[in-house]
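Everything on this sheet refers to the single structure shown next.
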Amino acid sequence: MRLRFILFLSIFLISPVVMGAEAVRHGFIDLQNHNFKKDGSVELRGDWEFYMGKLISKGEFNTYKAEENFRYISVPGSWVNLPEKGKAFSNNNCATYRLRLRLPVCSEPYVIRFHEINSAYRITVNGVLLKEAGRVSEKNEEVKSVEEQAFVAFNAKEPDNEIVVEVANRGDYHAGLVGFVDLGTYSEAVTSYTMDFSFGFFLFGCLVMMGLFHLGIFSLRREDRSSLYFGIFTLIIAVRTSVTGEKFFYTVFHEVPWELGVRIEFLTVMSAAFFVLYIYDLYRDYFRKLYLNIFIWVSVIMVIITVFTPPSFFMGLHKIYHASILLIALYIFKIIFSALKNDSRGSVIMVSAFIVVIIASVNDMLTYWLLVDSTYILPVGLLIFIFLQSVLMSLRNLESHKSVKKLTEKLNSNLDHIFQLRERTESIENELVMARKIQRQLIPHDSPSVNLNALYKPMDLVGGDFYDFINFRDSNEIGIFISDVSGHGIAAAFVTSMIKSLILESGSFRKNPAMLMKHLNGILFNNTGGNFITAFYCIYNSQSRSMVYSNAGHDHPFIINDYDVEVLSGGKSVPLAIFSNEELSKYNKEYVNDEISFEEGSKFLLFTDGLVENMGSCKITREMEDKNFRSYLISTSYLSSKRYIDNLYEKLIDCNGSDKFDDDICIICLDV
């Protein structure tokens with residue numbers, strides 16, 4: 001079915017190239033029995049008398065028939081293709097065409113219509129000069145070529161009539177009567193010309209509108225370059241429609257310089273480059289970019305040559321460009337049939353549309369080079385292409401409408417589920433807010449001393465960092481506890497609440513940091529859902545400025561004075577909830593106490609790993625390798641513990657670039 005459809009389109013487009021039967025024999029045609037009113041106009045196709053290098057408007061043609069330059073030539077056709085003793089005639093020459101015809105005597109004038117004469121000419125009927133375009137001369141340098149339609153009206157007072165056409169060609173690659181010659185009555189000729197002109201103008205208008213339409217689509221969707229390429233291609237073909245075929249452009253603008261007209265016509269051939277770009281944009285997966293680049297560069301070079309060189313030079317080179325178009329057309333055929341094999345939706349219509357344009361383009365090229373007897377059909381082919389594209393677009397819109405309808409139905413069916421999820425999300429958010437309030441209550445609200453301050457900023461609503469201050473009967477002593485649960489969110493926050501509860505009921509263990517760690521580890525082991533906890537607990541005596549501490553895998557605190565930063569080491573064992581107490585004893589990893597004494601005026605800084613992991617560009621490490629940050633800690637050591645922490649937090653925000661962190665932040669500072 002697909003192949004039948006494509007074959008039908010091909011036959012439809014190729015049908016104009018079928019050659020009609022010749023009517024003129026040896027420069028004579030008898031039309032006395034032809035009913036012009038009933039049967040319409042007749043094409044004066046066949047062998048006309050031909051006199052090479054001679055301009056003969058009047059005189060005894062029998063005299064010239066004896067010369068070597070007399071012969072018969074096929075019309076339509078170019079004398080360049082007529083061999084002269086083994087060589088072709090030069091296109092820069094002049095010649096005379098003569099046709100004798102027998103017509104019914106009629107009161108209504110007859111009209112002869114020459115579709116294309118290259119390039120300057122004089123038309124004489126029955127010895128009367130009726131039409132002249134440009135300047136005709138046997139001297140090549142005196143010839144003035146123009147682009148102008150040729151219509152000649154005359155009265156047939158006698159049955160026997162004579163048409164003489166003197167042609168002088170300068171520069172055009174094809175010379176002579178290269179277009180069809182029609183003969184009909186005046187009324188029929190006017191009707192025929194009006195229809196042809198109207199159809200040509202209709203094609204021009206349609207192509208311009210479609211070109212502007214696709215450019216408009218591109219202005220709205222800049223990513224769709226195929227609309228840009230096709231819009232430009234269509235506008236160029238619209239221009240070509242006005243200067244080929246019926247050439248209504250030259251009807252509106254009389255005696256356009258021939259060189260200008262031929263440049264416009266040949267430049268429109270380069271529209272093929274935009275069509276190739278259009279196909280490339282649609283079929284990038286199939287089209288090799290190397291072939292595209294080669295063809296585009298060839299097109300650019302041909303544009304430059306056509307603009308800046310004389311017609312006698314660039315017209316011959318266009319054979320090479322047309323050959324490249326044929327090659328790229330064959331490659332495009334391969335591409336579109338590969339796409340057809342994939343059986344994508346609408347591929348048959350798309351392939352058929354491409355075949356229409358390609359066949360029409362090839363027909364126009366072969367017609368120009370007089371290799372087939374046809375007319376220019378690319379504008380018609382392009383209209384068919386646009387129509388098929390519109391059909392395809394309609395099918396796609398229909399499919400899109402069906403898809404949207406299905407998606408809408410599916411969306412409506414899931415709305416209840418979405419609302420349920422929204423309600424559940426709101427419930428979870430409310431629970432998180434409540435959990436945040438509870439966690440805030442677990443953390444000390446007030447500092448037990450002006451010399452001791454803390455800052456806590458969870459990454460989410462709730463966090464896994466925790467700290468606590470423990471008061472003793474001895475007012476000189478205070479316990480400082482800080483921990484960091486692995487992970488984040490509700491699970492980590494739940495573990496911190498467990499730690500708070502365990503500390504509250506730990507009793508005498510709080511007087512011994514190592515024993516408290518062992519107590520916490522014994523209960524937390526296998527009860528944290530796979531999470532572990534780093535912790536540091538110390539008891540500071542303000543009178544002796546001494547401290548007893550134990551470290552369960554936590555980051556070492558810093559001791560800061562006005563000349564140095566020291567990393568507190570010692571007393572460090574594995575984090576909580578990784579091994580049981582029995583395993584710690586077995587592997588000699590039990591928690592132990594260490595002691596230290598401080599210099600008066602120094603600071604003791606505890607923190608969780610959020611401090612070192614969120615510093616970003618500051619590159620702070622747990623070993624304090626960054627000298628700039630070390631200098632910063634020393635330079636601000638004169639501040640009170642509260643201002644010191646606030647200042648450090650601002651530094652943290654500056655290094656991170658925002659107050660949104662990838663981990664919880666907990667900092668405790670003690671002024672000794």
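So you can find residues: chains in the structure tokens are A, B, ... in the order shown, residues in each start at 1, and ligands are numbered from 1 in order.
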Going by DSSP on the backbone, which bits of region 448-511 of chain A are helix (DSSP H, G or I)? Write them as a VMD selection string, please. chain A and resid 489 to 504 507 to 511
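Here the question is which of A:Tyr110, A:Tyr376, A:Phe274, A:Tyr549 gets nearest to Val190 (chain A) using only C-alpha atoms, and that residue is A:Tyr110.
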For Met315 (chain A), list every protein, DNA or RNA residue within 12 Å, evaluated using only C-alpha atoms, and leave out those in the same chain fewer than 2 positions away; present the list as a CSV table (one decimal) with N, CA and C atoms, in the first residue's frame.
```csv
chain,number,residue,atom,x,y,z
A,91,ASN,N,27.0,29.7,-28.5
A,91,ASN,CA,25.8,30.3,-28.0
A,91,ASN,C,25.8,31.8,-28.2
A,171,GLY,N,25.7,35.5,-24.1
A,171,GLY,CA,25.9,35.1,-22.7
A,171,GLY,C,25.1,33.9,-22.2
A,172,ASP,N,23.8,33.9,-22.6
A,172,ASP,CA,23.0,32.8,-22.1
A,172,ASP,C,23.5,31.4,-22.6
A,173,TYR,N,23.5,30.5,-21.7
A,173,TYR,CA,24.0,29.2,-22.0
A,173,TYR,C,23.2,28.5,-23.1
A,174,HIS,N,21.9,28.7,-23.1
A,174,HIS,CA,21.0,28.1,-24.1
A,174,HIS,C,20.6,29.3,-25.0
A,259,GLU,N,21.2,40.2,-17.5
A,259,GLU,CA,22.1,39.7,-16.5
A,259,GLU,C,21.5,39.6,-15.1
A,262,VAL,N,19.0,36.6,-15.0
A,262,VAL,CA,19.6,35.3,-15.0
A,262,VAL,C,20.4,35.0,-13.7
A,263,ARG,N,20.9,36.1,-13.1
A,263,ARG,CA,21.5,35.9,-11.7
A,263,ARG,C,20.5,35.5,-10.7
A,265,GLU,N,17.6,34.0,-11.2
A,265,GLU,CA,17.2,32.7,-11.5
A,265,GLU,C,18.2,31.6,-11.0
A,266,PHE,N,19.5,31.8,-11.3
A,266,PHE,CA,20.5,30.9,-10.9
A,266,PHE,C,20.7,30.9,-9.4
A,267,LEU,N,20.6,32.0,-8.7
A,267,LEU,CA,20.8,32.1,-7.3
A,267,LEU,C,19.7,31.3,-6.6
A,269,VAL,N,18.5,28.6,-7.4
A,269,VAL,CA,18.9,27.1,-7.4
A,269,VAL,C,19.5,26.7,-6.1
A,302,MET,N,29.2,28.4,-5.0
A,302,MET,CA,28.5,28.7,-6.2
A,302,MET,C,27.7,30.1,-6.1
A,303,VAL,N,27.3,30.4,-4.9
A,303,VAL,CA,26.7,31.7,-4.7
A,303,VAL,C,27.6,32.8,-5.0
A,305,ILE,N,30.3,32.7,-6.9
A,305,ILE,CA,30.6,32.7,-8.3
A,305,ILE,C,29.5,33.3,-9.1
A,306,THR,N,28.3,33.0,-8.7
A,306,THR,CA,27.1,33.5,-9.5
A,306,THR,C,27.0,35.0,-9.3
A,307,VAL,N,27.3,35.5,-8.1
A,307,VAL,CA,27.2,37.0,-7.9
A,307,VAL,C,28.3,37.8,-8.5
A,309,THR,N,30.8,36.7,-11.0
A,309,THR,CA,31.3,36.4,-12.3
A,309,THR,C,30.3,36.6,-13.4
A,310,PRO,N,30.7,36.8,-14.7
A,310,PRO,CA,29.7,37.0,-15.8
A,310,PRO,C,28.9,35.7,-16.0
A,311,PRO,N,27.7,35.8,-16.6
A,311,PRO,CA,26.9,34.7,-16.8
A,311,PRO,C,27.5,33.6,-17.7
A,312,SER,N,28.3,34.1,-18.7
A,312,SER,CA,29.0,33.1,-19.6
A,312,SER,C,29.9,32.1,-18.8
A,313,PHE,N,30.3,32.5,-17.6
A,313,PHE,CA,31.2,31.7,-16.8
A,313,PHE,C,30.4,30.8,-15.8
A,317,LEU,N,29.2,26.4,-15.1
A,317,LEU,CA,29.5,25.7,-13.8
A,317,LEU,C,28.3,25.1,-13.1
A,318,HIS,N,27.2,25.7,-13.4
A,318,HIS,CA,26.0,25.2,-12.7
A,318,HIS,C,25.7,23.7,-13.0
A,319,LYS,N,26.2,23.2,-14.1
A,319,LYS,CA,26.1,21.8,-14.4
A,319,LYS,C,26.7,21.0,-13.3
A,320,ILE,N,27.8,21.4,-12.8
A,320,ILE,CA,28.5,20.7,-11.7
A,320,ILE,C,27.6,20.8,-10.4
A,321,TYR,N,27.1,22.0,-10.2
A,321,TYR,CA,26.2,22.1,-9.0
A,321,TYR,C,25.0,21.3,-9.1
A,322,HIS,N,24.4,21.2,-10.3
A,322,HIS,CA,23.2,20.4,-10.4
A,322,HIS,C,23.6,18.9,-10.2
A,368,TYR,N,15.8,22.5,-17.6
A,368,TYR,CA,16.6,23.6,-17.9
A,368,TYR,C,17.7,23.2,-18.9
A,369,TRP,N,18.3,22.0,-18.7
A,369,TRP,CA,19.4,21.6,-19.5
A,369,TRP,C,18.9,20.9,-20.8
```
Who sits within 7 Å of Val565 (chain A), only C-alpha atoms, same chain under 5 positions skipped, as a list in words: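 Result of the neighbour search: Phe558, Ile559, Ile560, Arg630 and Ile634 of chain A.
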Let's have the selection written as a PDB file, in the first residue's frame, with C-alpha atoms.
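As a result, again07.pdb now contains:
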```pdb
ATOM      1  CA  PHE A 558      41.191  22.908  70.061  1.00  0.00           C
ATOM      2  CA  ILE A 559      43.051  24.773  72.795  1.00  0.00           C
ATOM      3  CA  ILE A 560      43.528  28.389  71.685  1.00  0.00           C
ATOM      4  CA  ARG A 630      44.751  28.962  62.443  1.00  0.00           C
ATOM      5  CA  ILE A 634      44.313  33.172  67.225  1.00  0.00           C
TER       6      ILE A 634
END
```
Would you list the contacts of region 23-31 of chain A as a list in words, taking every protein, DNA or RNA residue within 10 Å and counting only C-alpha atoms, but skipping same-chain residues closer than 4 positions in sequence?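 In the requested form, the answer reads Asn35, Phe36, Val42, Glu43, Leu44, Arg45, Gly46, Asp47, Trp48, Glu49, Phe50, Arg71, Tyr72, Ile73, Ser74, Val75, Tyr97, Arg98, Leu99, Arg100, Leu101, Arg102, Leu103, Pro104, Pro159, Asp160, Asn161 and Glu162 of chain A.
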Select, from A:Pro444, A:Gly601, A:Gly316, A:Pro575, the residue with the minimum atom-to-atom distance to Ser641 (chain A), counting only C-alpha atoms. A:Gly601
Quick one: residues within 9 Å of Leu207 (chain A), only C-alpha atoms counted, chain neighbours fewer than 4 positions away excluded, as a VMD selection string? chain A and resid 202 to 203 211 to 212 234 to 238 379 382 to 383
Taking only C-alpha atoms into account, which of A:Tyr563, A:Tyr456, A:Tyr193, A:Phe180 comes nearest Tyr649 (chain A)?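 Looking only at the distances to Tyr649 (chain A), the closest residue turns out to be A:Tyr456.
One finds CA of Lys572 (chain A) at 20.6 Å from CA of Gly464 (chain A).
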Test item, strand (DSSP E) assignment across region 77-140 of chain A, answer as JSON, numbers by chain: {"A": [83, 84, 87, 88, 93, 94, 95, 96, 97, 98, 99, 100, 101, 102, 110, 111, 112, 113, 114, 120, 121, 122, 123, 124, 125, 128, 129, 130, 131, 132, 133]}
